[in-house]
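Novice: Next comes the structure file query_22.tsv, holding TSV, C-alpha atoms.
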```tsv
chain	number	residue	atom	x	y	z
A	1	MET	CA	-7.57	-8.37	17.00
A	2	LEU	CA	-8.02	-9.23	13.31
A	3	GLU	CA	-6.53	-12.13	11.36
A	4	THR	CA	-6.99	-14.01	8.12
A	5	ILE	CA	-6.38	-17.74	7.95
A	6	GLU	CA	-5.42	-19.33	4.61
A	7	LEU	CA	-7.70	-16.88	2.82
A	8	ARG	CA	-8.35	-17.87	-0.79
A	9	LYS	CA	-10.52	-16.50	-3.58
A	10	VAL	CA	-10.99	-17.98	-7.05
A	11	PHE	CA	-12.90	-16.16	-9.80
A	12	LYS	CA	-13.83	-18.71	-12.50
A	13	ASN	CA	-10.40	-20.08	-13.43
A	14	LYS	CA	-8.31	-17.29	-11.89
A	15	THR	CA	-6.94	-17.44	-8.34
A	16	ALA	CA	-6.93	-13.83	-7.10
A	17	VAL	CA	-5.92	-14.59	-3.49
A	18	ASP	CA	-4.05	-17.76	-2.63
A	19	GLY	CA	-3.70	-18.74	1.05
A	20	VAL	CA	-3.15	-15.32	2.65
A	21	ASN	CA	-2.34	-15.24	6.38
A	22	LEU	CA	-2.03	-11.87	8.08
A	23	TYR	CA	-2.93	-10.24	11.38
A	24	LEU	CA	-3.55	-6.77	12.79
A	25	ASP	CA	-3.06	-5.99	16.49
A	26	PRO	CA	-4.87	-3.20	18.41
A	27	GLY	CA	-3.40	0.24	17.65
A	28	GLU	CA	-1.08	-1.14	14.98
A	29	SER	CA	-0.50	0.26	11.49
A	30	VAL	CA	0.11	-2.49	8.93
A	31	GLY	CA	0.95	-2.10	5.25
A	32	LEU	CA	-0.23	-4.39	2.48
A	33	LEU	CA	2.16	-3.72	-0.36
A	34	GLY	CA	2.04	-4.97	-3.91
A	35	PRO	CA	1.61	-4.02	-7.57
A	36	ASN	CA	-1.76	-3.68	-9.27
A	37	GLY	CA	-3.37	-7.11	-9.57
A	38	ALA	CA	-1.51	-8.58	-6.58
A	39	GLY	CA	-4.76	-9.39	-4.74
A	40	LYS	CA	-4.79	-6.55	-2.19
A	41	SER	CA	-8.29	-5.23	-2.93
A	42	THR	CA	-9.78	-8.73	-3.08
A	43	THR	CA	-8.23	-9.52	0.31
A	44	ILE	CA	-9.74	-6.34	1.76
A	45	SER	CA	-13.14	-7.14	0.27
A	46	MET	CA	-13.11	-10.52	2.02
A	47	ILE	CA	-11.98	-9.04	5.34
A	48	SER	CA	-14.77	-6.45	5.21
A	49	THR	CA	-17.41	-9.13	4.30
A	50	LEU	CA	-18.14	-7.63	0.87
A	51	ILE	CA	-17.30	-10.91	-0.86
A	52	LYS	CA	-17.10	-14.46	0.45
A	53	PRO	CA	-13.80	-16.34	0.22
A	54	THR	CA	-13.58	-19.60	-1.69
A	55	SER	CA	-11.90	-21.03	1.39
A	56	GLY	CA	-10.20	-19.91	4.61
A	57	ASP	CA	-11.50	-17.65	7.34
A	58	VAL	CA	-11.36	-14.14	8.79
A	59	LYS	CA	-11.43	-13.79	12.58
A	60	MET	CA	-12.11	-10.79	14.79
A	61	ASN	CA	-11.06	-11.28	18.41
A	62	GLY	CA	-11.14	-15.04	17.82
A	63	GLN	CA	-14.62	-15.18	16.28
A	64	SER	CA	-15.32	-16.05	12.65
A	65	VAL	CA	-16.35	-12.99	10.67
A	66	LEU	CA	-17.75	-15.24	7.94
A	67	LYS	CA	-20.20	-16.83	10.35
A	68	HIS	CA	-20.93	-13.63	12.29
A	69	PRO	CA	-20.33	-10.64	9.98
A	70	LYS	CA	-21.87	-8.13	12.40
A	71	ILE	CA	-18.92	-8.48	14.80
A	72	ILE	CA	-16.64	-6.66	12.36
A	73	ARG	CA	-19.04	-4.33	10.55
A	74	SER	CA	-19.61	-2.15	13.62
A	75	GLU	CA	-15.86	-1.93	14.33
A	76	LEU	CA	-14.61	-1.41	10.78
A	77	GLY	CA	-14.34	1.59	8.47
A	78	VAL	CA	-13.36	1.03	4.84
A	79	VAL	CA	-11.99	3.65	2.44
A	80	PRO	CA	-12.36	2.03	-1.00
A	81	GLN	CA	-10.05	2.59	-3.93
A	82	GLU	CA	-12.88	4.11	-5.99
A	83	ILE	CA	-14.72	7.20	-4.73
A	84	ALA	CA	-17.95	6.01	-3.04
A	85	LEU	CA	-19.94	9.25	-2.71
A	86	TYR	CA	-23.08	10.75	-4.24
A	87	PRO	CA	-21.81	13.51	-6.56
A	88	ASP	CA	-25.06	15.53	-6.63
A	89	LEU	CA	-25.21	15.73	-2.83
A	90	SER	CA	-23.09	18.06	-0.71
A	91	ALA	CA	-20.35	16.75	1.57
A	92	LEU	CA	-22.65	17.43	4.53
A	93	GLU	CA	-25.52	15.46	2.96
A	94	ASN	CA	-23.21	12.55	2.09
A	95	LEU	CA	-21.90	12.33	5.63
A	96	GLN	CA	-25.39	12.59	7.12
A	97	PHE	CA	-26.51	9.76	4.83
A	98	PHE	CA	-23.63	7.45	5.81
A	99	GLY	CA	-24.04	8.38	9.46
A	100	ARG	CA	-27.69	7.31	9.40
A	101	ILE	CA	-26.67	3.99	7.84
A	102	TYR	CA	-24.46	3.48	10.90
A	103	GLY	CA	-27.48	4.22	13.12
A	104	LEU	CA	-26.53	7.75	14.16
A	105	LYS	CA	-29.31	10.28	14.83
A	106	GLY	CA	-29.93	13.82	16.03
A	107	LYS	CA	-27.17	15.52	18.02
A	108	GLU	CA	-24.96	12.42	17.86
A	109	LEU	CA	-25.12	12.48	14.06
A	110	ASN	CA	-24.45	16.23	13.84
A	111	ARG	CA	-21.50	15.96	16.24
A	112	ALA	CA	-19.97	13.07	14.25
A	113	VAL	CA	-20.36	14.98	10.96
A	114	GLN	CA	-18.61	18.08	12.31
A	115	GLU	CA	-15.82	16.02	13.92
A	116	VAL	CA	-14.91	14.21	10.68
A	117	LEU	CA	-15.21	17.40	8.61
A	118	GLU	CA	-12.77	19.08	10.96
A	119	LEU	CA	-10.44	16.09	10.79
A	120	VAL	CA	-10.25	16.26	6.98
A	121	ASP	CA	-10.23	20.09	7.03
A	122	LEU	CA	-13.32	20.62	4.87
A	123	THR	CA	-15.71	22.26	7.34
A	124	ASP	CA	-15.88	25.45	5.26
A	125	ARG	CA	-16.76	23.49	2.08
A	126	GLN	CA	-19.34	21.14	3.60
A	127	LYS	CA	-22.38	22.57	1.75
A	128	GLU	CA	-20.83	22.33	-1.72
A	129	ARG	CA	-21.72	19.44	-4.01
A	130	ILE	CA	-19.22	16.62	-4.27
A	131	LYS	CA	-19.10	16.95	-8.08
A	132	THR	CA	-17.53	20.41	-7.65
A	133	TYR	CA	-14.70	19.02	-5.49
A	134	SER	CA	-11.17	18.28	-6.65
A	135	GLY	CA	-9.96	14.67	-6.66
A	136	GLY	CA	-8.07	15.19	-3.41
A	137	MET	CA	-11.10	16.72	-1.66
A	138	LYS	CA	-13.29	13.80	-2.75
A	139	ARG	CA	-10.72	11.41	-1.28
A	140	ARG	CA	-10.81	13.28	2.02
A	141	ILE	CA	-14.62	13.11	2.24
A	142	ASN	CA	-14.36	9.42	1.35
A	143	ILE	CA	-12.16	9.00	4.44
A	144	ALA	CA	-14.54	11.09	6.54
A	145	ALA	CA	-17.48	8.84	5.59
A	146	ALA	CA	-15.59	5.77	6.81
A	147	LEU	CA	-14.95	7.44	10.19
A	148	MET	CA	-18.53	8.48	11.02
A	149	HIS	CA	-19.09	5.62	13.49
A	150	GLN	CA	-15.64	5.92	15.15
A	151	PRO	CA	-14.38	2.49	14.08
A	152	LYS	CA	-11.58	0.67	15.88
A	153	ILE	CA	-10.09	-0.48	12.56
A	154	ILE	CA	-9.76	1.56	9.38
A	155	ILE	CA	-8.88	-0.12	6.07
A	156	MET	CA	-7.54	2.17	3.37
A	157	ASP	CA	-7.32	0.77	-0.13
A	158	GLU	CA	-4.86	2.95	-2.07
A	159	PRO	CA	-6.41	6.24	-0.86
A	160	THR	CA	-3.90	8.50	-2.64
A	161	VAL	CA	-4.25	7.20	-6.20
A	162	GLY	CA	-4.59	9.95	-8.80
A	163	ILE	CA	-4.41	13.02	-6.55
A	164	ASP	CA	-2.10	16.01	-6.31
A	165	PRO	CA	0.96	15.96	-3.99
A	166	GLN	CA	-0.55	18.43	-1.48
A	167	SER	CA	-3.71	16.34	-1.01
A	168	ARG	CA	-1.61	13.21	-0.83
A	169	ASN	CA	0.51	14.62	1.99
A	170	TYR	CA	-2.61	15.74	3.83
A	171	ILE	CA	-4.14	12.26	3.61
A	172	LEU	CA	-0.93	10.63	4.83
A	173	GLU	CA	-0.85	13.00	7.80
A	174	THR	CA	-4.51	12.20	8.54
A	175	VAL	CA	-3.76	8.46	8.55
A	176	ARG	CA	-0.83	9.05	10.89
A	177	ARG	CA	-3.03	11.05	13.28
A	178	LEU	CA	-5.75	8.39	13.31
A	179	ASN	CA	-3.16	5.79	14.27
A	180	THR	CA	-1.06	7.74	16.78
A	181	GLU	CA	-3.62	10.09	18.38
A	182	LYS	CA	-6.85	8.09	18.18
A	183	LYS	CA	-5.09	4.70	18.55
A	184	MET	CA	-6.99	3.36	15.56
A	185	SER	CA	-5.70	0.17	13.94
A	186	VAL	CA	-4.86	0.79	10.27
A	187	LEU	CA	-4.57	-1.65	7.38
A	188	TYR	CA	-3.12	0.40	4.54
A	189	THR	CA	-2.76	-0.94	1.01
A	190	SER	CA	-0.62	0.77	-1.58
A	191	HIS	CA	1.76	0.31	-4.45
A	192	TYR	CA	3.72	3.36	-3.30
A	193	MET	CA	6.65	2.08	-1.25
A	194	GLU	CA	7.38	5.42	0.44
A	195	GLU	CA	3.82	5.69	1.82
A	196	VAL	CA	3.98	2.29	3.49
A	197	GLU	CA	7.46	3.00	4.86
A	198	GLN	CA	6.22	6.28	6.39
A	199	LEU	CA	3.04	4.95	7.97
A	200	CYS	CA	3.36	1.30	8.85
A	201	ASP	CA	4.84	-0.69	11.74
A	202	ARG	CA	4.80	-3.96	9.82
A	203	ILE	CA	4.53	-4.76	6.12
A	204	TYR	CA	3.14	-7.64	4.09
A	205	ILE	CA	4.36	-7.89	0.50
A	206	MET	CA	1.88	-9.51	-1.90
A	207	ASP	CA	2.41	-10.71	-5.45
A	208	HIS	CA	0.21	-12.92	-7.63
A	209	GLY	CA	-2.24	-13.45	-4.79
A	210	LYS	CA	0.31	-14.64	-2.23
A	211	VAL	CA	2.13	-13.05	0.70
A	212	ILE	CA	5.75	-13.48	-0.35
A	213	ALA	CA	7.37	-11.70	2.63
A	214	SER	CA	6.34	-10.00	5.86
A	215	GLY	CA	7.88	-8.29	8.86
A	216	ARG	CA	9.10	-4.93	10.09
A	217	LYS	CA	10.98	-2.71	7.66
A	218	ASP	CA	14.40	-3.62	9.03
A	219	GLU	CA	13.52	-7.31	8.96
A	220	LEU	CA	12.52	-7.12	5.31
A	221	LYS	CA	15.62	-5.16	4.38
A	222	SER	CA	17.73	-7.83	6.10
A	223	ILE	CA	16.72	-10.20	3.29
A	224	LEU	CA	19.42	-8.41	1.31
A	225	SER	CA	21.79	-7.79	4.22
A	226	ALA	CA	24.55	-9.75	2.45
A	227	GLU	CA	24.20	-7.65	-0.71
A	228	ASP	CA	25.09	-4.17	-1.88
A	229	MET	CA	23.34	-1.97	-4.40
A	230	ILE	CA	25.57	-0.48	-7.09
A	231	VAL	CA	23.95	2.42	-8.93
A	232	LEU	CA	25.47	3.40	-12.28
A	233	GLN	CA	24.59	6.41	-14.39
A	234	LEU	CA	25.59	6.34	-18.04
A	235	GLU	CA	26.10	9.33	-20.29
A	236	GLU	CA	24.05	7.57	-22.97
A	237	PRO	CA	22.02	4.32	-22.93
A	238	CYS	CA	24.03	1.25	-23.95
A	239	GLU	CA	22.02	-1.95	-24.34
A	240	PRO	CA	25.00	-4.29	-25.08
A	241	PHE	CA	26.61	-3.18	-21.79
A	242	VAL	CA	23.40	-3.92	-19.87
A	243	ASP	CA	23.10	-7.32	-21.58
A	244	GLU	CA	26.61	-8.27	-20.48
A	245	LEU	CA	25.84	-7.26	-16.89
A	246	LYS	CA	22.73	-9.46	-16.96
A	247	GLN	CA	24.82	-12.44	-18.04
A	248	ASP	CA	27.29	-12.08	-15.14
A	249	ILE	CA	26.55	-14.91	-12.69
A	250	ASN	CA	27.86	-12.83	-9.75
A	251	ILE	CA	25.23	-10.11	-10.25
A	252	ARG	CA	21.96	-11.06	-8.56
A	253	LYS	CA	19.69	-8.48	-10.20
A	254	VAL	CA	20.02	-5.87	-12.95
A	255	ASP	CA	17.45	-3.08	-13.15
A	256	ALA	CA	18.01	-0.83	-16.13
A	257	ASP	CA	15.56	2.06	-16.38
A	258	GLY	CA	15.92	3.04	-20.02
A	259	ASN	CA	19.48	1.69	-19.86
A	260	LYS	CA	20.82	5.06	-18.65
A	261	MET	CA	20.37	4.50	-14.91
A	262	ILE	CA	21.36	0.97	-13.86
A	263	LYS	CA	20.95	-0.67	-10.45
A	264	LEU	CA	22.82	-3.85	-9.60
A	265	ILE	CA	22.34	-6.09	-6.58
A	266	VAL	CA	25.65	-7.83	-5.87
A	267	PRO	CA	27.13	-9.91	-3.01
A	268	LYS	CA	29.20	-7.93	-0.52
A	269	THR	CA	31.86	-10.63	-0.67
A	270	VAL	CA	32.59	-10.08	-4.38
A	271	ASN	CA	34.35	-7.01	-5.76
A	272	LEU	CA	32.84	-6.43	-9.19
A	273	LEU	CA	33.83	-2.82	-9.81
A	274	GLY	CA	36.79	-3.76	-11.97
A	275	GLN	CA	34.69	-6.08	-14.13
A	276	ILE	CA	31.99	-3.42	-14.49
A	277	PHE	CA	34.46	-0.79	-15.73
A	278	GLN	CA	36.07	-3.29	-18.13
A	279	ALA	CA	32.67	-4.20	-19.57
A	280	ALA	CA	31.82	-0.52	-19.96
A	281	GLU	CA	35.08	0.06	-21.84
A	282	ARG	CA	34.39	-2.89	-24.17
A	283	HIS	CA	31.04	-1.40	-25.16
A	284	SER	CA	32.13	2.27	-25.12
A	285	ALA	CA	29.65	2.97	-22.34
A	286	ARG	CA	30.71	6.05	-20.40
A	287	ILE	CA	29.93	5.86	-16.67
A	288	VAL	CA	29.38	9.39	-15.33
A	289	ASN	CA	28.40	8.43	-11.78
A	290	LEU	CA	28.67	5.37	-9.52
A	291	ASN	CA	27.41	4.82	-5.97
A	292	VAL	CA	27.44	1.82	-3.64
A	293	GLN	CA	24.39	1.83	-1.35
A	294	LYS	CA	22.53	-0.37	1.09
A	295	PRO	CA	19.54	-2.07	-0.59
A	296	SER	CA	16.17	-0.40	0.03
A	297	LEU	CA	12.73	-1.92	0.54
A	298	GLU	CA	12.10	-1.32	-3.17
A	299	ASP	CA	15.22	-3.37	-3.93
A	300	VAL	CA	13.92	-6.17	-1.71
A	301	PHE	CA	10.69	-6.18	-3.69
A	302	LEU	CA	12.61	-6.32	-6.98
A	303	HIS	CA	14.71	-9.17	-5.60
A	304	LEU	CA	11.64	-11.17	-4.49
A	305	THR	CA	9.41	-10.62	-7.50
A	306	GLY	CA	11.75	-9.82	-10.37
A	307	ARG	CA	9.82	-6.64	-11.14
A	308	LYS	CA	9.35	-3.12	-9.83
A	309	LEU	CA	6.48	-2.33	-7.49
A	310	ARG	CA	4.54	-0.25	-10.05
A	311	ASP	CA	5.16	-2.47	-13.08
```
Just give me the structure of the file as structure tokens.
Specialist:
Amino acid sequence: MLETIELRKVFKNKTAVDGVNLYLDPGESVGLLGPNGAGKSTTISMISTLIKPTSGDVKMNGQSVLKHPKIIRSELGVVPQEIALYPDLSALENLQFFGRIYGLKGKELNRAVQEVLELVDLTDRQKERIKTYSGGMKRRINIAAALMHQPKIIIMDEPTVGIDPQSRNYILETVRRLNTEKKMSVLYTSHYMEEVEQLCDRIYIMDHGKVIASGRKDELKSILSAEDMIVLQLEEPCEPFVDELKQDINIRKVDADGNKMIKLIVPKTVNLLGQIFQAAERHSARIVNLNVQKPSLEDVFLHLTGRKLRD
């Protein structure tokens, strides 16, 4: 349905997106995962024809979107990262405005407005000005505006940034309903791993402008199928102990959050528990808890990039 082919964007001397290939099938929910600055928003801007790529192409049902932008604009709804509403207008007036831009009129416009207000559960607040809304309510109207023309594809660029947990859960449930009930294709960008795991069939992981891994959740987790995750909790932080762990050639990754909680990625074939306890004893580091777990998607990201998702 939608695909990018070697998509690349250079701003002056900085390469923001570097040869991105991805696709979205009808009715599919796909996650674009990466830290801030990974190139997610720039990729979305090129897909939605807001900016032109330096090279590469975007295709919709086999046709070039760059040559024929209208073929995607009528089928696509975009929820931008920043709130794109008029604060001095009411929610109703905002939705009527965006509906008219999409060519809706009269009864068709009124019906579309009431449908999206009901979907985001703000019918009873529709006449209030946007500037009086909470952050979560603004986000929900932002989503409603992108749905006025009943698009086949909805792109959501980090729609839950900076909102309260209740609004966040409501937005996640709305995205799930759009995908499962209305069969809308969803491209969802985030730097929250749990959101993408909840919502998406397939996941692309981006870092420094490149797609560094892609596949279904189980496929991505299989990257570390030969490893275990050892989680240590110390009574007090102990930097010399952490430093020794980092120097051990058998330990693939060491993630020390303040040096009190330590995560180690280690080969399943090597038993390192004895060495870990000996090192702790040498540095008078008291281990109060230890668990051996299967690596998570977050651990895969750390393994691939050398940093946490929200670093």
Novice: Pick the closest to A:Asn61 from A:Glu28, A:Asp124, A:Glu3, A:Asp248: which is it, counting only C-alpha atoms?
Specialist: A:Glu3
Novice: Could you list as a list in words every residue that has an atom within 12 Å of (-13.5, -14.0, 15.9), using the file's coordinates and counting only C-alpha atoms?
Specialist: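 In the file's frame, the residues around the point are Met1, Leu2, Glu3, Thr4, Ile5, Ile47, Asp57, Val58, Lys59, Met60, Asn61, Gly62, Gln63, Ser64, Val65, Leu66, Lys67, His68, Pro69, Lys70, Ile71 and Ile72 of chain A.
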Novice: Within 12 Å of A:Arg111, counting all atoms listed in the file, which residues qualify if same-chain residues fewer than 2 places away don't, as a list in words?
Specialist: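 Using all atoms listed in the file, the neighbours found are Leu92, Leu95, Gln96, Gly99, Leu104, Lys105, Gly106, Lys107, Glu108, Leu109, Val113, Gln114, Glu115, Val116, Leu117, Glu118, Met148, His149 and Gln150 of chain A.
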Novice: Rounded to one decimal place, report the atom CA of A:Ala280-atom CA of A:Ile223 distance in Å.
Specialist: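 Between these atoms lies a distance of 29.4 Å.
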Novice: Just how far from atom CA of A:Leu264 is atom CA of A:Ser296, in Å to one decimal?
Specialist: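 Those two atoms sit 12.2 Å apart.
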Novice: Would you compute the distance between atom CA of A:Ile154 and atom CA of A:Lys221? Give it in Å to one decimal.
Specialist: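 Straight-line distance from atom CA of A:Ile154 to atom CA of A:Lys221 works out to 26.7 Å.
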Novice: Using all atoms listed in the file, pick whichever of A:Arg282, A:Thr269, A:Gly31, A:Glu195 has the shortest atom-to-atom distance to A:Val242.
Specialist: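 Smallest separation from A:Val242 among the options: A:Arg282.
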Novice: Near A:Val266, counting all atoms listed in the file, which residues have an atom at most 8 Å away, once you skip same-chain residues fewer than 2 positions from it, shown as an mmCIF file with C-alpha atoms, in the frame of the given file?
Specialist:
```cif
data_model
loop_
_atom_site.group_PDB
_atom_site.id
_atom_site.type_symbol
_atom_site.label_atom_id
_atom_site.label_comp_id
_atom_site.auth_asym_id
_atom_site.auth_seq_id
_atom_site.Cartn_x
_atom_site.Cartn_y
_atom_site.Cartn_z
ATOM 1 C CA GLU A 227 24.200 -7.650 -0.710
ATOM 2 C CA ASP A 228 25.090 -4.170 -1.880
ATOM 3 C CA MET A 229 23.340 -1.970 -4.400
ATOM 4 C CA ILE A 230 25.570 -0.480 -7.090
ATOM 5 C CA ASN A 250 27.860 -12.830 -9.750
ATOM 6 C CA ILE A 251 25.230 -10.110 -10.250
ATOM 7 C CA ARG A 252 21.960 -11.060 -8.560
ATOM 8 C CA LYS A 253 19.690 -8.480 -10.200
ATOM 9 C CA LEU A 264 22.820 -3.850 -9.600
ATOM 10 C CA LYS A 268 29.200 -7.930 -0.520
ATOM 11 C CA VAL A 270 32.590 -10.080 -4.380
#
```
Novice: Which residues, written as a PDB file with C-alpha atoms, in the coordinates of the input, have at least one atom at most 10 Å from A:Ile130, with all atoms listed in the file counted and residues fewer than 5 positions away on the same chain left out?
Specialist:
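Done, and the output landed in around13.pdb:
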```
ATOM      1  CA  LEU A  85     -19.940   9.250  -2.710  1.00  0.00           C
ATOM      2  CA  TYR A  86     -23.080  10.750  -4.240  1.00  0.00           C
ATOM      3  CA  PRO A  87     -21.810  13.510  -6.560  1.00  0.00           C
ATOM      4  CA  ASP A  88     -25.060  15.530  -6.630  1.00  0.00           C
ATOM      5  CA  LEU A  89     -25.210  15.730  -2.830  1.00  0.00           C
ATOM      6  CA  SER A  90     -23.090  18.060  -0.710  1.00  0.00           C
ATOM      7  CA  ALA A  91     -20.350  16.750   1.570  1.00  0.00           C
ATOM      8  CA  LEU A  92     -22.650  17.430   4.530  1.00  0.00           C
ATOM      9  CA  GLU A  93     -25.520  15.460   2.960  1.00  0.00           C
ATOM     10  CA  ASN A  94     -23.210  12.550   2.090  1.00  0.00           C
ATOM     11  CA  ARG A 125     -16.760  23.490   2.080  1.00  0.00           C
ATOM     12  CA  GLY A 135      -9.960  14.670  -6.660  1.00  0.00           C
ATOM     13  CA  MET A 137     -11.100  16.720  -1.660  1.00  0.00           C
ATOM     14  CA  LYS A 138     -13.290  13.800  -2.750  1.00  0.00           C
ATOM     15  CA  ILE A 141     -14.620  13.110   2.240  1.00  0.00           C
TER      16      ILE A 141
END
```
Novice: How big is the axis-aligned box, and where does its centre sit, when it encloses all atoms of stretch 45-63 of chain A listed in the file and has 4 Å added on every side, reported in Å to one decimal as AutoDock Vina command-line options?
Specialist:
```
--center_x -14.2 --center_y -13.7 --center_z 8.4 --size_x 15.9 --size_y 22.6 --size_z 28.1
```
Novice: Skipping near chain neighbours, those fewer than 6 positions away, what residues fall within 10 Å of stretch 285-295 of chain A using only C-alpha atoms, listed as a PyMOL selection string?
Specialist: chain A and resi 221-242+260-266+273+276-279+303
Novice: Using all atoms listed in the file, which residues sit within 9 Å of A:Ile212 once same-chain residues fewer than 3 positions away are excluded, as number ranges by chain?
Specialist: A: 204-207, 304-305
Novice: Rank nothing, just name the residue among A:Asn271, A:Ser55, A:Gln247, A:Thr15 nearest to A:Gly39, using all atoms listed in the file.
Specialist: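 Ranked by minimum distance to A:Gly39, first place goes to A:Thr15.
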Novice: Let me make sure I understand: among A:Leu119, A:Leu297, A:Val186, A:Ala146, which one has the smallest atom-to-atom distance to A:Phe97 if we use all atoms listed in the file?
Specialist: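 Closest residue, counting all atoms listed in the file: A:Ala146.
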Novice: From (4.3, 8.4, 9.0), in the file's coordinates, out to 6 Å: which residues are reached, counting only C-alpha atoms? Answer as a PyMOL selection string.
Specialist: chain A and resi 176+198-199
